[in-house]
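**Student:** Let me begin by handing over the structure; questions about it come next.
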Amino acid sequence: MVTRLYTNSICLEHLTPPGHPERPDRLRAIDKVLAHEVFAPLDRAEAPMARETAVLLAHPENYARRVRDAIPAEGIARIDADTTVSPKSWEVALTAIGGAMAAVDDVFTGKADNVFVATRPPGHHAEKDRAMGFCLFNHVAIAARHAQEAHGAERVAIVDWDVHHGNGTQDIFWDDPTVLYCSTHQMPLYPGTGAASETGAGNIVNAPLPPGADGEVFRQAFEEKILPRIDDFRPDLIIISAGFDAHHRDPLAELNFTEEDFGWATAELMERAGRSAGNRLVSVLEGGYDLEGLALSAAAHVGRLMKG
């Protein structure tokens, strides 16, 4: 199997205030761990910059304009309490979108079996018309719509194991039965959404986990609530919102996963992709704020993708 890695050094140029957890060093930590010789077979490529119109696959034009107008000529500007932009943030956002879209193109054209997109900032908190939680645009939502419009995908499954609920992805696909959104996340925790009772048009599957839950609890939730729904849905494509902040080292939450838990979940989703989606699987980086925990988790995830 061919596993492709998309990244781009421009993503280091989205700046946040000193002490902010979503910082350029996150990508440097992933780059460093994936430089090990065991990852030499990775097919590495530079994430391309998407056209501005790509934003409109998941967001209205007036919202895209508001984000662009918020970009400062210098320094850092705040969009909300914890979401900021800097002079290069527009180009960075389009590159994160472009990487996710290129990954979709690759798995549908056979250039790769699966792809990991290591870009920033994350995207799963971005609602249709609201930036929040470090996120400007929803990359996985745009990627799912691109798969449908450009490649005729009839059913796309998005699986989000970030420790924070992907309220933005849920908002965008709330009443769309062609997209299955499944999430494990800590509850209670930011952003306050993600109760099991939130089911949309029957296409939303939330499996909230209590503070202190470990990998065993995560695996049970995955096996009992998420994997059966994916089996029934039979997606043409699986997209992972790959946040690694449920790792026990992460400072922003209270779950106790290990890197092996992310490797296990990767394998389970690869098996489902093999059953119905011709192995097509795209993974997009979301959270993960302890650099060592992030590096270990990303390595386990990518290593498992490469095993096929």
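Going by the structure tokens order, chains are called A, B, ..., each with residues numbered from 1, while ligands are numbered from 1 in the order shown.
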If you run DSSP on the backbone here, which positions in region 49-174 of chain A get helix (DSSP H, G or I)? Please write them as a PyMOL selection string.
**Tutor:** chain A and resi 52-57+61-70+89-109+139-151+167-172
**Student:** Which polymer residues have any atom within 10 Å of an atom of region 83-86 of chain A, counting only C-alpha atoms, with same-chain residues fewer than 5 positions away left out, as a VMD selection string?
**Tutor:** chain A and resid 13 to 17 20 22 67 to 68 70 to 78 92 to 93 121 131 to 136
**Student:** Could you save those same residues with C-alpha atoms as a JSON list (two decimals), in the first residue's frame?
**Tutor:**
[["chain", "number", "residue", "atom", "x", "y", "z"],
["A", 13, "GLU", "CA", 3.73, 30.88, 9.53],
["A", 14, "HIS", "CA", 0.30, 30.90, 11.15],
["A", 15, "LEU", "CA", 1.29, 32.66, 14.37],
["A", 16, "THR", "CA", -0.35, 32.54, 17.78],
["A", 17, "PRO", "CA", 0.41, 34.48, 20.98],
["A", 20, "HIS", "CA", -0.71, 29.47, 23.05],
["A", 22, "GLU", "CA", -1.67, 25.67, 19.03],
["A", 67, "VAL", "CA", -12.09, 35.71, 7.91],
["A", 68, "ARG", "CA", -10.02, 37.16, 5.11],
["A", 70, "ALA", "CA", -9.66, 39.87, 9.71],
["A", 71, "ILE", "CA", -6.11, 39.04, 8.55],
["A", 72, "PRO", "CA", -3.77, 41.77, 9.87],
["A", 73, "ALA", "CA", -0.96, 43.35, 7.89],
["A", 74, "GLU", "CA", 1.32, 42.71, 10.83],
["A", 75, "GLY", "CA", 1.15, 41.22, 14.29],
["A", 76, "ILE", "CA", -1.64, 38.99, 15.57],
["A", 77, "ALA", "CA", -5.39, 39.66, 15.53],
["A", 78, "ARG", "CA", -8.03, 37.81, 17.54],
["A", 92, "VAL", "CA", -1.96, 28.81, 5.54],
["A", 93, "ALA", "CA", -5.68, 28.11, 5.72],
["A", 121, "PRO", "CA", -4.37, 25.18, 12.38],
["A", 131, "ALA", "CA", -14.41, 30.42, 13.64],
["A", 132, "MET", "CA", -13.62, 29.08, 17.10],
["A", 133, "GLY", "CA", -11.41, 26.72, 19.07],
["A", 134, "PHE", "CA", -8.22, 27.61, 17.15],
["A", 135, "CYS", "CA", -10.03, 26.75, 13.87],
["A", 136, "LEU", "CA", -10.73, 28.98, 10.86]]
**Student:** Just checking: using only C-alpha atoms, which residue out of A:Asp129, A:Pro122, A:Asn203, A:Val55 ends up closest to Arg23 (chain A)?
**Tutor:**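 For Arg23 (chain A), the nearest of the given residues is A:Pro122.
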**Student:** Do you have, as a Markdown table, the list of residues of region 86-134 of chain A lying at most 12 Å from region 258-282 of chain A, each with its nearest atom pair and that distance in Å to one decimal, counting only C-alpha atoms and ordered by chain then number?
**Tutor:**
| residue | atom | partner | partner_atom | distance |
| --- | --- | --- | --- | --- |
| A:Gly99 | CA | A:Val282 | CA | 10.3 |
| A:Ala100 | CA | A:Val282 | CA | 7.7 |
| A:Met101 | CA | A:Val282 | CA | 9.6 |
| A:Ala102 | CA | A:Val282 | CA | 9.9 |
| A:Ala103 | CA | A:Val282 | CA | 6.3 |
| A:Val104 | CA | A:Val282 | CA | 6.7 |
| A:Asp105 | CA | A:Val282 | CA | 10.0 |
| A:Asp106 | CA | A:Arg280 | CA | 9.0 |
| A:Val107 | CA | A:Arg280 | CA | 5.3 |
| A:Phe108 | CA | A:Arg280 | CA | 7.1 |
| A:Thr109 | CA | A:Arg280 | CA | 10.0 |
| A:Gly110 | CA | A:Arg280 | CA | 8.9 |
| A:Lys111 | CA | A:Arg280 | CA | 10.7 |
| A:Ala112 | CA | A:Arg280 | CA | 8.3 |
| A:Asp113 | CA | A:Arg280 | CA | 5.6 |
| A:Asn114 | CA | A:Leu281 | CA | 4.8 |
| A:Val115 | CA | A:Val282 | CA | 4.9 |
| A:Phe116 | CA | A:Val282 | CA | 6.2 |
| A:Val117 | CA | A:Val282 | CA | 7.7 |
| A:Ala118 | CA | A:Val282 | CA | 11.2 |
**Student:** Next, dump the selected residues to file, keeping only N, CA and C atoms, as a CSV table (one decimal), in the first residue's frame.
**Tutor:**
chain,number,residue,atom,x,y,z
A,99,GLY,N,-4.3,20.6,1.1
A,99,GLY,CA,-3.8,19.3,1.4
A,99,GLY,C,-4.9,18.3,1.6
A,100,ALA,N,-6.0,18.7,2.3
A,100,ALA,CA,-7.1,17.7,2.5
A,100,ALA,C,-7.7,17.3,1.2
A,101,MET,N,-7.9,18.3,0.3
A,101,MET,CA,-8.5,18.0,-1.0
A,101,MET,C,-7.6,17.2,-1.9
A,102,ALA,N,-6.3,17.5,-1.9
A,102,ALA,CA,-5.4,16.7,-2.7
A,102,ALA,C,-5.4,15.2,-2.2
A,103,ALA,N,-5.5,15.1,-0.9
A,103,ALA,CA,-5.5,13.7,-0.3
A,103,ALA,C,-6.7,12.9,-0.8
A,104,VAL,N,-7.8,13.6,-0.9
A,104,VAL,CA,-9.0,13.0,-1.5
A,104,VAL,C,-8.8,12.6,-2.9
A,105,ASP,N,-8.3,13.5,-3.7
A,105,ASP,CA,-8.0,13.2,-5.1
A,105,ASP,C,-7.0,12.0,-5.2
A,106,ASP,N,-6.0,11.9,-4.4
A,106,ASP,CA,-5.1,10.8,-4.4
A,106,ASP,C,-5.7,9.5,-4.2
A,107,VAL,N,-6.6,9.4,-3.2
A,107,VAL,CA,-7.1,8.1,-2.9
A,107,VAL,C,-8.2,7.6,-3.9
A,108,PHE,N,-8.8,8.6,-4.6
A,108,PHE,CA,-9.8,8.3,-5.6
A,108,PHE,C,-9.2,8.0,-7.0
A,109,THR,N,-8.0,8.5,-7.2
A,109,THR,CA,-7.3,8.3,-8.5
A,109,THR,C,-6.3,7.2,-8.4
A,110,GLY,N,-6.1,6.6,-7.2
A,110,GLY,CA,-5.1,5.5,-7.0
A,110,GLY,C,-3.7,5.9,-6.8
A,111,LYS,N,-3.4,7.2,-6.6
A,111,LYS,CA,-2.1,7.6,-6.4
A,111,LYS,C,-1.6,7.2,-5.0
A,112,ALA,N,-2.5,7.0,-4.1
A,112,ALA,CA,-2.2,6.6,-2.7
A,112,ALA,C,-3.4,5.8,-2.2
A,113,ASP,N,-3.1,4.9,-1.3
A,113,ASP,CA,-4.2,4.1,-0.7
A,113,ASP,C,-4.8,4.9,0.5
A,114,ASN,N,-3.8,5.6,1.3
A,114,ASN,CA,-4.3,6.4,2.4
A,114,ASN,C,-3.3,7.6,2.5
A,115,VAL,N,-3.7,8.6,3.2
A,115,VAL,CA,-3.0,9.9,3.2
A,115,VAL,C,-3.1,10.5,4.6
A,116,PHE,N,-2.0,11.0,5.2
A,116,PHE,CA,-2.0,11.8,6.4
A,116,PHE,C,-1.7,13.2,6.0
A,117,VAL,N,-2.5,14.1,6.4
A,117,VAL,CA,-2.3,15.6,6.1
A,117,VAL,C,-1.9,16.3,7.4
A,118,ALA,N,-0.6,16.6,7.5
A,118,ALA,CA,-0.1,17.3,8.7
A,118,ALA,C,0.0,18.8,8.4
**Student:** Per DSSP on the backbone, filter region 25-246 of chain A down to the residues in strand (DSSP E) and report them as a VMD selection string.
**Tutor:** chain A and resid 43 to 46 77 to 80 83 to 85 114 to 117 156 to 160 179 to 186 204 to 209 237 to 242
**Student:** Counting only C-alpha atoms, which residue out of A:His59, A:Arg28, A:Arg4, A:His248 sits closest to Ile172 (chain A)?
**Tutor:** A:His59
**Student:** Each residue of region 162-210 of chain A lying at most 12 Å from region 139-145 of chain A should get a row with its shortest atom-to-atom pair and the distance in Å to one decimal, counting only C-alpha atoms; could you produce that, ordered by chain and increasing number, as a Markdown table?
**Tutor:**
| residue | atom | partner | partner_atom | distance |
| --- | --- | --- | --- | --- |
| A:Gly166 | CA | A:Val140 | CA | 10.4 |
| A:Asn167 | CA | A:Ala141 | CA | 11.6 |
| A:Gly168 | CA | A:Ala141 | CA | 8.7 |
| A:Thr169 | CA | A:Ala141 | CA | 6.2 |
| A:Gln170 | CA | A:Ala141 | CA | 9.4 |
| A:Asp171 | CA | A:Ala141 | CA | 10.1 |
| A:Ile172 | CA | A:Ala141 | CA | 7.3 |
| A:Phe173 | CA | A:Ala141 | CA | 8.1 |
| A:Trp174 | CA | A:Ala141 | CA | 11.6 |
| A:Asp176 | CA | A:Arg145 | CA | 11.3 |
| A:Thr178 | CA | A:Ala144 | CA | 9.9 |
| A:Val179 | CA | A:Ala144 | CA | 7.9 |
| A:Leu180 | CA | A:Ala144 | CA | 10.3 |
| A:Tyr181 | CA | A:Ala141 | CA | 10.1 |
**Student:** Please produce an output containing all heavy atoms for each residue in the selection, written as an mmCIF file, in the first residue's frame.
**Tutor:**
data_model
loop_
_atom_site.group_PDB
_atom_site.id
_atom_site.type_symbol
_atom_site.label_atom_id
_atom_site.label_comp_id
_atom_site.auth_asym_id
_atom_site.auth_seq_id
_atom_site.Cartn_x
_atom_site.Cartn_y
_atom_site.Cartn_z
ATOM 1 N N GLY A 166 -16.089 17.721 17.807
ATOM 2 C CA GLY A 166 -16.028 18.495 16.567
ATOM 3 C C GLY A 166 -17.362 19.150 16.262
ATOM 4 O O GLY A 166 -18.069 18.761 15.313
ATOM 5 N N ASN A 167 -17.693 20.139 17.043
ATOM 6 C CA ASN A 167 -18.985 20.818 16.881
ATOM 7 C C ASN A 167 -19.169 21.396 15.483
ATOM 8 O O ASN A 167 -20.279 21.437 14.957
ATOM 9 C CB ASN A 167 -19.112 21.939 17.907
ATOM 10 C CG ASN A 167 -17.998 22.975 17.759
ATOM 11 O OD1 ASN A 167 -16.824 22.663 17.994
ATOM 12 N ND2 ASN A 167 -18.334 24.183 17.359
ATOM 13 N N GLY A 168 -18.076 21.848 14.877
ATOM 14 C CA GLY A 168 -18.187 22.434 13.544
ATOM 15 C C GLY A 168 -18.594 21.413 12.501
ATOM 16 O O GLY A 168 -19.478 21.672 11.667
ATOM 17 N N THR A 169 -17.962 20.252 12.537
ATOM 18 C CA THR A 169 -18.306 19.197 11.582
ATOM 19 C C THR A 169 -19.742 18.747 11.793
ATOM 20 O O THR A 169 -20.492 18.530 10.833
ATOM 21 C CB THR A 169 -17.334 18.022 11.725
ATOM 22 O OG1 THR A 169 -15.990 18.518 11.765
ATOM 23 C CG2 THR A 169 -17.481 17.056 10.567
ATOM 24 N N GLN A 170 -20.141 18.608 13.054
ATOM 25 C CA GLN A 170 -21.523 18.231 13.348
ATOM 26 C C GLN A 170 -22.489 19.284 12.820
ATOM 27 O O GLN A 170 -23.528 18.944 12.236
ATOM 28 C CB GLN A 170 -21.694 18.057 14.857
ATOM 29 C CG GLN A 170 -23.127 17.759 15.272
ATOM 30 C CD GLN A 170 -23.236 17.375 16.726
ATOM 31 O OE1 GLN A 170 -22.782 16.311 17.135
ATOM 32 N NE2 GLN A 170 -23.846 18.227 17.535
ATOM 33 N N ASP A 171 -22.156 20.554 12.995
ATOM 34 C CA ASP A 171 -23.020 21.640 12.524
ATOM 35 C C ASP A 171 -23.192 21.593 11.013
ATOM 36 O O ASP A 171 -24.312 21.736 10.490
ATOM 37 C CB ASP A 171 -22.401 22.978 12.950
ATOM 38 C CG ASP A 171 -23.111 24.175 12.352
ATOM 39 O OD1 ASP A 171 -24.307 24.374 12.655
ATOM 40 O OD2 ASP A 171 -22.480 24.916 11.570
ATOM 41 N N ILE A 172 -22.115 21.389 10.299
ATOM 42 C CA ILE A 172 -22.162 21.424 8.833
ATOM 43 C C ILE A 172 -22.971 20.263 8.262
ATOM 44 O O ILE A 172 -23.697 20.418 7.278
ATOM 45 C CB ILE A 172 -20.725 21.446 8.275
ATOM 46 C CG1 ILE A 172 -20.069 22.801 8.599
ATOM 47 C CG2 ILE A 172 -20.700 21.169 6.766
ATOM 48 C CD1 ILE A 172 -18.572 22.837 8.378
ATOM 49 N N PHE A 173 -22.887 19.084 8.901
ATOM 50 C CA PHE A 173 -23.560 17.896 8.352
ATOM 51 C C PHE A 173 -24.766 17.457 9.170
ATOM 52 O O PHE A 173 -25.224 16.323 9.020
ATOM 53 C CB PHE A 173 -22.547 16.748 8.250
ATOM 54 C CG PHE A 173 -21.411 17.023 7.300
ATOM 55 C CD1 PHE A 173 -20.108 17.124 7.755
ATOM 56 C CD2 PHE A 173 -21.651 17.211 5.947
ATOM 57 C CE1 PHE A 173 -19.065 17.384 6.886
ATOM 58 C CE2 PHE A 173 -20.614 17.478 5.065
ATOM 59 C CZ PHE A 173 -19.310 17.569 5.537
ATOM 60 N N TRP A 174 -25.300 18.329 9.993
ATOM 61 C CA TRP A 174 -26.341 17.971 10.952
ATOM 62 C C TRP A 174 -27.529 17.245 10.318
ATOM 63 O O TRP A 174 -28.046 16.270 10.872
ATOM 64 C CB TRP A 174 -26.821 19.229 11.671
ATOM 65 C CG TRP A 174 -27.918 18.990 12.658
ATOM 66 C CD1 TRP A 174 -29.235 19.302 12.526
ATOM 67 C CD2 TRP A 174 -27.777 18.361 13.945
ATOM 68 N NE1 TRP A 174 -29.939 18.924 13.638
ATOM 69 C CE2 TRP A 174 -29.071 18.340 14.531
ATOM 70 C CE3 TRP A 174 -26.716 17.825 14.654
ATOM 71 C CZ2 TRP A 174 -29.314 17.806 15.796
ATOM 72 C CZ3 TRP A 174 -26.956 17.288 15.913
ATOM 73 C CH2 TRP A 174 -28.236 17.275 16.463
ATOM 74 N N ASP A 176 -27.625 15.963 7.029
ATOM 75 C CA ASP A 176 -27.192 15.400 5.747
ATOM 76 C C ASP A 176 -26.917 13.904 5.893
ATOM 77 O O ASP A 176 -25.860 13.500 6.385
ATOM 78 C CB ASP A 176 -25.928 16.118 5.261
ATOM 79 C CG ASP A 176 -25.481 15.643 3.890
ATOM 80 O OD1 ASP A 176 -26.032 14.647 3.379
ATOM 81 O OD2 ASP A 176 -24.568 16.270 3.326
ATOM 82 N N THR A 178 -25.990 11.806 3.817
ATOM 83 C CA THR A 178 -24.919 11.266 2.974
ATOM 84 C C THR A 178 -23.560 11.294 3.683
ATOM 85 O O THR A 178 -22.593 10.735 3.173
ATOM 86 C CB THR A 178 -24.785 12.050 1.656
ATOM 87 O OG1 THR A 178 -24.269 13.372 1.907
ATOM 88 C CG2 THR A 178 -26.120 12.138 0.945
ATOM 89 N N VAL A 179 -23.495 11.956 4.833
ATOM 90 C CA VAL A 179 -22.257 12.023 5.609
ATOM 91 C C VAL A 179 -22.531 11.523 7.019
ATOM 92 O O VAL A 179 -23.413 12.032 7.718
ATOM 93 C CB VAL A 179 -21.695 13.461 5.668
ATOM 94 C CG1 VAL A 179 -20.434 13.510 6.535
ATOM 95 C CG2 VAL A 179 -21.370 13.958 4.259
ATOM 96 N N LEU A 180 -21.786 10.507 7.427
ATOM 97 C CA LEU A 180 -21.859 9.971 8.779
ATOM 98 C C LEU A 180 -20.753 10.611 9.605
ATOM 99 O O LEU A 180 -19.576 10.550 9.223
ATOM 100 C CB LEU A 180 -21.671 8.451 8.744
ATOM 101 C CG LEU A 180 -21.628 7.728 10.097
ATOM 102 C CD1 LEU A 180 -23.014 7.745 10.759
ATOM 103 C CD2 LEU A 180 -21.153 6.284 9.910
ATOM 104 N N TYR A 181 -21.117 11.248 10.713
ATOM 105 C CA TYR A 181 -20.129 11.854 11.597
ATOM 106 C C TYR A 181 -20.137 11.112 12.930
ATOM 107 O O TYR A 181 -21.165 11.038 13.613
ATOM 108 C CB TYR A 181 -20.417 13.337 11.833
ATOM 109 C CG TYR A 181 -19.466 13.950 12.838
ATOM 110 C CD1 TYR A 181 -18.118 14.101 12.528
ATOM 111 C CD2 TYR A 181 -19.897 14.354 14.092
ATOM 112 C CE1 TYR A 181 -17.231 14.639 13.450
ATOM 113 C CE2 TYR A 181 -19.024 14.896 15.018
ATOM 114 C CZ TYR A 181 -17.688 15.030 14.692
ATOM 115 O OH TYR A 181 -16.805 15.553 15.609
#
**Student:** State, in Å with one decimal place, the distance from CA of Ala81 (chain A) to CA of Arg130 (chain A).
**Tutor:**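 A separation of 12.7 Å between them.
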**Student:** Let me make sure I understand: among A:Asp236, A:Glu254, A:Glu127, A:Asp25, which one has the smallest atom-to-atom distance to Ala64 (chain A) if we use only C-alpha atoms?
**Tutor:**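 Result for the nearest residue to Ala64 (chain A): A:Glu127.
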**Student:** Using only C-alpha atoms, determine which residues lie at most 9 Å from Thr7 (chain A), disregarding the query and same-chain residues fewer than 3 positions distant; provide the list as a list in words.
**Tutor:**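 Once the nearby chain positions are removed, what remains is Ile10, Cys11, Leu27, Asp31, Arg44, Ala45, Glu46, Ala47, Pro48, Thr95, Ala96, Gly99, Phe116, Val117, Ala118 and Thr119 of chain A.
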**Student:** Using only C-alpha atoms, which protein or nucleic acid residues come within 10 Å of region 205-214 of chain A? Drop anything in the same chain fewer than 4 positions from it, and give the result as a PyMOL selection string.
**Tutor:** chain A and resi 159-161+163-166+170+180-189+193-200+218-219+221-222+224-226+229+246-248+253-258+261
**Student:** Restrict the selected residues to N, CA and C atoms and save them as a CSV table (one decimal), in the first residue's frame.
**Tutor:**
chain,number,residue,atom,x,y,z
A,159,VAL,N,-14.7,10.3,11.0
A,159,VAL,CA,-14.5,9.7,12.4
A,159,VAL,C,-13.5,10.7,13.1
A,160,ASP,N,-14.0,11.2,14.2
A,160,ASP,CA,-13.2,12.2,15.0
A,160,ASP,C,-12.9,11.7,16.4
A,161,TRP,N,-11.6,11.5,16.6
A,161,TRP,CA,-11.2,11.0,17.9
A,161,TRP,C,-10.4,12.1,18.7
A,163,VAL,N,-9.9,14.9,21.4
A,163,VAL,CA,-10.5,14.9,22.8
A,163,VAL,C,-11.6,15.9,22.9
A,164,HIS,N,-11.7,16.9,22.0
A,164,HIS,CA,-12.7,17.9,22.0
A,164,HIS,C,-13.7,17.5,20.9
A,165,HIS,N,-15.0,17.7,21.2
A,165,HIS,CA,-16.0,17.4,20.2
A,165,HIS,C,-15.9,18.3,19.0
A,166,GLY,N,-16.1,17.7,17.8
A,166,GLY,CA,-16.0,18.5,16.6
A,166,GLY,C,-17.4,19.1,16.3
A,170,GLN,N,-20.1,18.6,13.1
A,170,GLN,CA,-21.5,18.2,13.3
A,170,GLN,C,-22.5,19.3,12.8
A,180,LEU,N,-21.8,10.5,7.4
A,180,LEU,CA,-21.9,10.0,8.8
A,180,LEU,C,-20.8,10.6,9.6
A,181,TYR,N,-21.1,11.2,10.7
A,181,TYR,CA,-20.1,11.9,11.6
A,181,TYR,C,-20.1,11.1,12.9
A,182,CYS,N,-19.0,10.5,13.3
A,182,CYS,CA,-18.8,9.8,14.5
A,182,CYS,C,-17.7,10.4,15.4
A,183,SER,N,-18.0,10.6,16.7
A,183,SER,CA,-17.0,11.3,17.5
A,183,SER,C,-16.9,10.6,18.9
A,184,THR,N,-15.6,10.4,19.3
A,184,THR,CA,-15.4,10.1,20.7
A,184,THR,C,-14.7,11.4,21.2
A,185,HIS,N,-15.0,11.8,22.5
A,185,HIS,CA,-14.5,13.0,23.0
A,185,HIS,C,-14.8,13.0,24.5
A,186,GLN,N,-14.0,13.8,25.2
A,186,GLN,CA,-14.3,14.0,26.7
A,186,GLN,C,-15.5,14.9,26.9
A,187,MET,N,-16.3,14.5,27.8
A,187,MET,CA,-17.4,15.3,28.2
A,187,MET,C,-17.6,15.2,29.7
A,188,PRO,N,-17.7,16.3,30.5
A,188,PRO,CA,-17.8,17.7,30.0
A,188,PRO,C,-16.4,18.2,29.6
A,189,LEU,N,-16.4,19.1,28.6
A,189,LEU,CA,-15.2,19.7,28.1
A,189,LEU,C,-15.6,20.7,26.9
A,193,THR,N,-20.6,20.7,23.4
A,193,THR,CA,-21.5,19.9,22.5
A,193,THR,C,-21.1,18.4,22.5
A,194,GLY,N,-21.8,17.6,21.9
A,194,GLY,CA,-21.4,16.2,21.7
A,194,GLY,C,-22.1,15.2,22.6
A,195,ALA,N,-23.3,15.5,23.1
A,195,ALA,CA,-24.0,14.6,23.9
A,195,ALA,C,-24.5,13.4,23.0
A,196,ALA,N,-24.7,12.3,23.6
A,196,ALA,CA,-25.2,11.1,22.8
A,196,ALA,C,-26.5,11.3,22.2
A,197,SER,N,-27.3,12.2,22.8
A,197,SER,CA,-28.6,12.5,22.3
A,197,SER,C,-28.6,13.4,21.0
A,198,GLU,N,-27.5,13.9,20.7
A,198,GLU,CA,-27.3,14.8,19.5
A,198,GLU,C,-27.1,13.9,18.3
A,199,THR,N,-28.2,13.6,17.5
A,199,THR,CA,-28.1,12.6,16.4
A,199,THR,C,-28.4,13.1,15.0
A,200,GLY,N,-28.7,14.4,14.9
A,200,GLY,CA,-28.9,15.0,13.6
A,200,GLY,C,-30.1,14.3,12.9
A,218,PHE,N,-12.1,3.8,25.6
A,218,PHE,CA,-12.2,4.3,24.3
A,218,PHE,C,-12.4,3.2,23.3
A,219,ARG,N,-11.7,2.1,23.4
A,219,ARG,CA,-11.9,0.9,22.5
A,219,ARG,C,-13.3,0.3,22.6
A,221,ALA,N,-16.0,2.0,23.5
A,221,ALA,CA,-16.9,2.9,22.8
A,221,ALA,C,-16.8,2.8,21.3
A,222,PHE,N,-15.6,2.6,20.8
A,222,PHE,CA,-15.4,2.5,19.4
A,222,PHE,C,-16.1,1.2,18.9
A,224,GLU,N,-18.5,-0.6,20.3
A,224,GLU,CA,-19.9,-0.8,20.5
A,224,GLU,C,-20.8,0.3,19.8
A,225,LYS,N,-20.2,1.5,19.6
A,225,LYS,CA,-21.0,2.6,19.1
A,225,LYS,C,-20.7,3.1,17.7
A,226,ILE,N,-19.4,3.0,17.4
A,226,ILE,CA,-18.9,3.7,16.1
A,226,ILE,C,-18.7,2.7,15.0
A,229,ARG,N,-21.8,1.3,13.3
A,229,ARG,CA,-22.5,2.3,12.4
A,229,ARG,C,-21.7,2.5,11.1
A,246,ALA,N,-6.2,13.4,23.2
A,246,ALA,CA,-6.7,12.5,24.2
A,246,ALA,C,-5.5,11.7,24.8
A,247,HIS,N,-4.3,11.9,24.4
A,247,HIS,CA,-3.1,11.3,24.9
A,247,HIS,C,-2.9,11.7,26.4
A,248,HIS,N,-2.5,10.8,27.2
A,248,HIS,CA,-2.4,11.0,28.7
A,248,HIS,C,-1.5,12.2,29.0
A,253,ALA,N,-6.8,18.4,28.5
A,253,ALA,CA,-7.9,17.5,28.8
A,253,ALA,C,-7.5,16.5,29.8
A,254,GLU,N,-8.4,15.5,30.0
A,254,GLU,CA,-8.2,14.5,31.1
A,254,GLU,C,-8.5,13.1,30.7
A,255,LEU,N,-8.2,12.8,29.4
A,255,LEU,CA,-8.3,11.4,29.0
A,255,LEU,C,-6.9,10.8,29.0
A,256,ASN,N,-6.8,9.5,29.1
A,256,ASN,CA,-5.6,8.8,29.3
A,256,ASN,C,-5.2,7.8,28.3
A,257,PHE,N,-5.3,8.2,27.0
A,257,PHE,CA,-5.0,7.3,25.9
A,257,PHE,C,-3.5,7.2,25.8
A,258,THR,N,-3.0,6.1,25.2
A,258,THR,CA,-1.6,5.9,24.8
A,258,THR,C,-1.6,6.0,23.3
A,261,ASP,N,-3.3,3.2,21.5
A,261,ASP,CA,-4.7,3.3,21.3
A,261,ASP,C,-5.0,3.9,19.9
**Student:** Give the answer as one residue: which of A:His125, A:Arg51, A:Ser297, A:Ile97 has the shortest atom-to-atom distance to Asp82 (chain A), using only C-alpha atoms?
**Tutor:**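 The answer is A:His125, which sits nearest to Asp82 (chain A).
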**Student:** Please, what distance in Å, to one decimal, runs between CA of Asp232 (chain A) and CA of Ala299 (chain A)?
**Tutor:**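 Those two atoms sit 30.0 Å apart.
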**Student:** What's the separation between CA of Glu149 (chain A) and CA of Gly202 (chain A), in Å to one decimal place?
**Tutor:**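 If I compute the distance from CA of Glu149 (chain A) to CA of Gly202 (chain A), I get 22.4 Å.
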